[in-house]
Amino acid sequence: MAVADEKGTAALTMRAVAGRLGVEAMSLYHHVAGRDDILNGMVDAVFAEIDLPSPDLDWRTAMRHRTTSARAVLLNHPWAVGLLDSRPHPGPATLRHHNAVLGTLRAAGFSVPEAVHAFSLIDSYLYGFVIQETSLPFKNRAELDEVGTAAQAEINYKFNTL
């Protein structure tokens, strides 16, 4: 995950993972079938980092808490957004996470199709927001101020040249 966090999944090769672990690339094949197995495990590890919705909370509060947790995790692992729901072999943490979310929605009275739709809707919004947030041309308040000042100067220049 550290390789993907630093350089993205395109840089995630068996050689790069082996180098990070201080072993030969071929030795990894004693533990995983290939890159897809590593990606499956990484996605499961990301789901394991996201807080599960609490059964003690109403569904809206539980979903808000889970979404806030997921956003924080995805900001730490921006490569994960495109992979979370794309893996054909979900791991135990992924299944536990999905079961908890759907269970919370079902306990709140959602039908099975409504629960699936709500889950998809919430996560589509979340993933889109994280993609947009990680694509912004600034990372902190000082950089935001700098970008804002430059944008305002550009607007003023164009307005004054009309």
# chains A, B, ... in the order shown; residues from 1 in each chain; ligands from 1
$ residues_around --residues "region 105-113 of chain A" --least-positions-apart "4" --cutoff "12 Å" --atoms "only C-alpha atoms" --output "list in words"
Pro53, Ser54, Pro55, Asp56, Leu57, Asp58, Trp59, Arg60, Thr61, Ala62, Met63, His98, Asn99, Ala100, Val101, His117, Ala118, Phe119, Ser120 and Ile122 of chain A
$ select_by_dssp --residues "region 1-150 of chain A" --states "helix (DSSP H, G or I)" --output "JSON, numbers by chain"
{"A": [2, 3, 4, 5, 6, 7, 9, 10, 11, 14, 15, 16, 17, 18, 19, 20, 21, 25, 26, 27, 28, 35, 36, 37, 38, 39, 40, 41, 42, 43, 44, 45, 46, 47, 48, 49, 59, 60, 61, 62, 63, 64, 65, 66, 67, 68, 69, 70, 71, 72, 73, 74, 75, 76, 78, 79, 80, 92, 93, 94, 95, 96, 97, 98, 99, 100, 101, 102, 103, 104, 105, 106, 107, 112, 113, 114, 115, 116, 117, 118, 119, 120, 121, 122, 123, 124, 125, 126, 127, 128, 129, 130, 131, 132, 133, 134, 135, 141, 142, 143, 144, 145, 146, 147, 148, 149, 150]}
$ atom_distance --atom1 "CA of Gly41 (chain A)" --atom2 "CA of Leu102 (chain A)"
22.0 Å
$ residues_around --residues "region 24-34 of chain A" --least-positions-apart "3" --cutoff "7 Å" --atoms "only C-alpha atoms" --output "short mmCIF file (atom, residue, chain, number, x, y, z; two decimals) with C-alpha atoms, in the first residue's frame"
data_model
loop_
_atom_site.label_atom_id
_atom_site.label_comp_id
_atom_site.auth_asym_id
_atom_site.auth_seq_id
_atom_site.Cartn_x
_atom_site.Cartn_y
_atom_site.Cartn_z
CA MET A 14 5.83 -7.16 -8.25
CA ARG A 15 9.36 -5.76 -8.49
CA ALA A 18 9.55 -6.86 -3.55
CA ASP A 37 -4.01 -10.74 -5.49
CA ILE A 38 -2.06 -7.82 -4.08
#
$ atom_distance --atom1 "CA of Leu84 (chain A)" --atom2 "CA of Ala11 (chain A)"
18.0 Å
$ closest_residue --among "A:Arg96, A:Lys158, A:Arg64, A:His77" --to "Ile131 (chain A)" --atoms "only C-alpha atoms"
A:His77
$ residues_around --residues "Asn76 (chain A)" --least-positions-apart "2" --cutoff "12 Å" --atoms "only C-alpha atoms" --output "list in words"
Met1, Ala2, Ala4, Asp5, Glu6, Gly8, Val46, Glu49, Ile50, Ser69, Ala70, Arg71, Ala72, Val73, Leu74, Pro78, Trp79, Ala80, Val81, Val130 and Thr134 of chain A
$ write_last_selection --atoms "C-alpha atoms" --output "compact mmCIF listing (two decimals), in the first residue's frame"
# COMPACT_ATOMS: atom_id res chain seq x y z
CA MET A 1 0.00 0.00 0.00
CA ALA A 2 2.91 2.34 0.66
CA ALA A 4 0.53 2.90 -4.23
CA ASP A 5 0.17 5.71 -1.66
CA GLU A 6 3.39 7.29 -2.88
CA GLY A 8 -0.20 5.29 -7.54
CA VAL A 46 -8.70 -0.14 2.95
CA GLU A 49 -9.63 0.96 7.96
CA ILE A 50 -13.12 2.43 7.47
CA SER A 69 -14.36 7.81 8.19
CA ALA A 70 -14.27 6.58 4.59
CA ARG A 71 -13.36 10.05 3.31
CA ALA A 72 -10.41 10.25 5.71
CA VAL A 73 -9.21 6.79 4.68
CA LEU A 74 -9.57 7.56 0.97
CA PRO A 78 -6.44 8.17 -3.10
CA TRP A 79 -5.62 5.30 -5.47
CA ALA A 80 -8.30 3.19 -3.75
CA VAL A 81 -11.35 5.09 -5.01
CA VAL A 130 -12.86 12.51 -2.87
CA THR A 134 -7.72 15.17 -4.41
